[in-house]
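J.: Got a structure for you, questions after.
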Amino acid sequence: MSVPYAKLPRWVDYGLIPLINLIVAFAVAGLVVLLVGESPFRAAAIMVEGAFGRGQNIAYTLFYATSFIFTGLAVAVAFHGGLFNIGGEGQAYVGGLGVVLVALNLDGVFPWWVNFPLAVIGAGLAGALWALIPAYLQAKRGSHIVITTIMFNFIAASLMVYLLVDVLKPLGQMAPQTRAFAEGAQLPKLNWIIELFGARIRSAPFNISFLLALAAAFGVWVLIWRTKLGYEIRTQGHSPKAARYAGIGEARIIIITMMISGALAGMMALNPVMGAQNRLQLDFVTGAGFVGIAVALMGRSHPVGIVPAAILFGMLYQGGAEIAFEMPAISRDMIVVIQGLVILFAGALEHMFRPAIQTFFASLGAGKPVVAAKEGRA
């Protein structure tokens, strides 16, 4: 008889198993570093030092993590609805257009604390509308959400090139970017929080959108686990047949879920556009939409897991830059390999160690069988 599936303690399911997957991913990454002739222990030390060793480094790590929190939450909301939103990259691009429409028109009229909420609405609305089209095609025409969102990533990138080159670029300027924002569209920095602990920061783009990201994480938790809509989203994601039997409109939930997901991805643009570059430039998303998939997988689609997972990937970005500088044999491509390994073990091989852990806890009496096993002869 096969070993029955057991409901593990929450700290094991959401803490221990992801931690083991992460350790194995870094162990395999260490072997890759060893193959290129470098010490994995020295590389790990440089990465940690580069991400958290100084106040400047911590600020940059949290700056990158801010973007990943938004995109991780976007992917997680879609996951709960049984949807794989792989279009966070394009939704963030279009969210940048929502930000810049507010910034370019109101930066000399209102202070930042008035423009910031307007930019949040603009970014969220733009991202939601961009996600609406694939959602409608999935809900009404049966188009696969993965295919349509990938296509819309490329459409958004092409749209951004056109607008920055032919519409938004100031006359006489060669670079494909908007004019610099006035002070009314520049977000205040949060570096002073880190400096309270005695660190010194010369300049870093860590800004107030980090607080918005934390508020969004709390809002997603309330939405998914404390509201009727969240219950409908989770029911739809767990069993569409049960959702239909309960009278939950499948098309309505698909569209609402994707629009919420797109709005969260669109708000990612606030961090680089208003918080760092103070203008709209090409490639400001820098892959954050795809990193959000890994963050959601690593965080088990729960805000409490997504925030530390985003900080982990912020560490990989910031610490990886230090490794590439200190150890020339390890390029930025190697950091992408490490990220890919984390995605592999946190996603595709997520349950590789679960049977052994389940057996161990079952032997201690901690596992509670919830599904009857099918009997069979060996």
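If you're wondering about the labels, chains in the structure tokens are A, B, ... by order shown, residues count from 1 in each chain, ligands from 1 in order shown.
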What's around Leu16 of chain A at 12 Å? Count only C-alpha atoms, leave out sequence neighbours fewer than 2 positions away in its own chain, and write the answer as a ChimeraX atom specification.
T.: /A:8-14,18-23,298-300,305,350-351,353-354,357-358
J.: If we count only C-alpha atoms and set the cut-off at 9 Å, which residues sit around Phe290 of chain A, ignoring sequence neighbours fewer than 4 positions away in its own chain? Please answer as a list in words.
T.: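 The neighbour list is Thr71, Gly72, Ile86, Gly87, Gly88, Glu89 and Ala294 of chain A.
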J.: How would the residues just picked look written out with all heavy atoms as a PDB file, in the first residue's frame?
T.:
```pdb
ATOM      1  N   THR A  71       5.513  42.308  -8.480  1.00  0.00           N
ATOM      2  CA  THR A  71       5.299  41.304  -9.520  1.00  0.00           C
ATOM      3  C   THR A  71       5.044  39.926  -8.919  1.00  0.00           C
ATOM      4  O   THR A  71       4.291  39.124  -9.491  1.00  0.00           O
ATOM      5  CB  THR A  71       6.502  41.244 -10.476  1.00  0.00           C
ATOM      6  OG1 THR A  71       7.714  41.029  -9.727  1.00  0.00           O
ATOM      7  CG2 THR A  71       6.637  42.557 -11.251  1.00  0.00           C
ATOM      8  N   GLY A  72       5.644  39.620  -7.764  1.00  0.00           N
ATOM      9  CA  GLY A  72       5.359  38.356  -7.101  1.00  0.00           C
ATOM     10  C   GLY A  72       3.919  38.277  -6.637  1.00  0.00           C
ATOM     11  O   GLY A  72       3.258  37.234  -6.784  1.00  0.00           O
ATOM     12  N   ILE A  86       1.817  35.164 -17.003  1.00  0.00           N
ATOM     13  CA  ILE A  86       3.223  35.314 -17.348  1.00  0.00           C
ATOM     14  C   ILE A  86       3.467  36.659 -18.039  1.00  0.00           C
ATOM     15  O   ILE A  86       4.532  36.914 -18.576  1.00  0.00           O
ATOM     16  CB  ILE A  86       3.671  34.140 -18.243  1.00  0.00           C
ATOM     17  CG1 ILE A  86       5.175  33.913 -18.152  1.00  0.00           C
ATOM     18  CG2 ILE A  86       3.220  34.326 -19.683  1.00  0.00           C
ATOM     19  CD1 ILE A  86       5.641  32.637 -18.812  1.00  0.00           C
ATOM     20  N   GLY A  87       2.451  37.525 -17.977  1.00  0.00           N
ATOM     21  CA  GLY A  87       2.529  38.813 -18.658  1.00  0.00           C
ATOM     22  C   GLY A  87       2.851  39.983 -17.759  1.00  0.00           C
ATOM     23  O   GLY A  87       2.586  41.136 -18.124  1.00  0.00           O
ATOM     24  N   GLY A  88       3.428  39.727 -16.583  1.00  0.00           N
ATOM     25  CA  GLY A  88       3.764  40.820 -15.675  1.00  0.00           C
ATOM     26  C   GLY A  88       4.715  41.823 -16.282  1.00  0.00           C
ATOM     27  O   GLY A  88       4.658  43.023 -15.982  1.00  0.00           O
ATOM     28  N   GLU A  89       5.591  41.345 -17.154  1.00  0.00           N
ATOM     29  CA  GLU A  89       6.551  42.245 -17.805  1.00  0.00           C
ATOM     30  C   GLU A  89       5.819  43.299 -18.632  1.00  0.00           C
ATOM     31  O   GLU A  89       6.100  44.506 -18.528  1.00  0.00           O
ATOM     32  CB  GLU A  89       7.478  41.404 -18.689  1.00  0.00           C
ATOM     33  CG  GLU A  89       8.749  42.088 -19.109  1.00  0.00           C
ATOM     34  CD  GLU A  89       9.866  41.992 -18.096  1.00  0.00           C
ATOM     35  OE1 GLU A  89       9.656  41.468 -16.980  1.00  0.00           O
ATOM     36  OE2 GLU A  89      10.954  42.469 -18.413  1.00  0.00           O
ATOM     37  N   ALA A 294       9.196  33.501 -10.094  1.00  0.00           N
ATOM     38  CA  ALA A 294      10.026  32.767  -9.142  1.00  0.00           C
ATOM     39  C   ALA A 294       9.719  33.184  -7.709  1.00  0.00           C
ATOM     40  O   ALA A 294       9.693  32.340  -6.802  1.00  0.00           O
ATOM     41  CB  ALA A 294      11.503  33.016  -9.451  1.00  0.00           C
TER      42      ALA A 294
END
```
J.: Between atom CA of Tyr231 of chain A and atom CA of Tyr136 of chain A, what is the spacing in Å?
T.: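 Calculated distance between atom CA of Tyr136 of chain A and atom CA of Tyr231 of chain A is 21.1 Å.
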J.: Which of these, A:Gly287, A:Ala309, A:Arg332, A:Gly81, has the shortest distance to Glu232 of chain A once you count only C-alpha atoms?
T.: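 Ranked by minimum distance to Glu232 of chain A, first place goes to A:Gly81.
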J.: Which parts of segment 124-364 of chain A does DSSP call alpha helix (DSSP H) when run on the backbone here, written out as a PyMOL selection string?
T.: chain A and resi 124-141+145-162+191-195+209-226+228-238+240-245+250-267+270-272+288-298+303-326+332-343+354-363
J.: So that I can check the surroundings of Asp283 of chain A, please list as a PyMOL selection string every protein, DNA and RNA residue that reaches within 12 Å of it, counting only C-alpha atoms and ignoring chain neighbours fewer than 3 positions away.
T.: chain A and resi 89-90+92-94+96+156-158+160-161+164+176-177+269+272-273+277+280+286-289
J.: Select, from A:Ile343, A:Gly55, A:Ile248, A:Ala276, the residue with the minimum atom-to-atom distance to Ala296 of chain A, counting only C-alpha atoms.
T.: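 Answer, going by the shortest atom-to-atom distance: A:Ile343.
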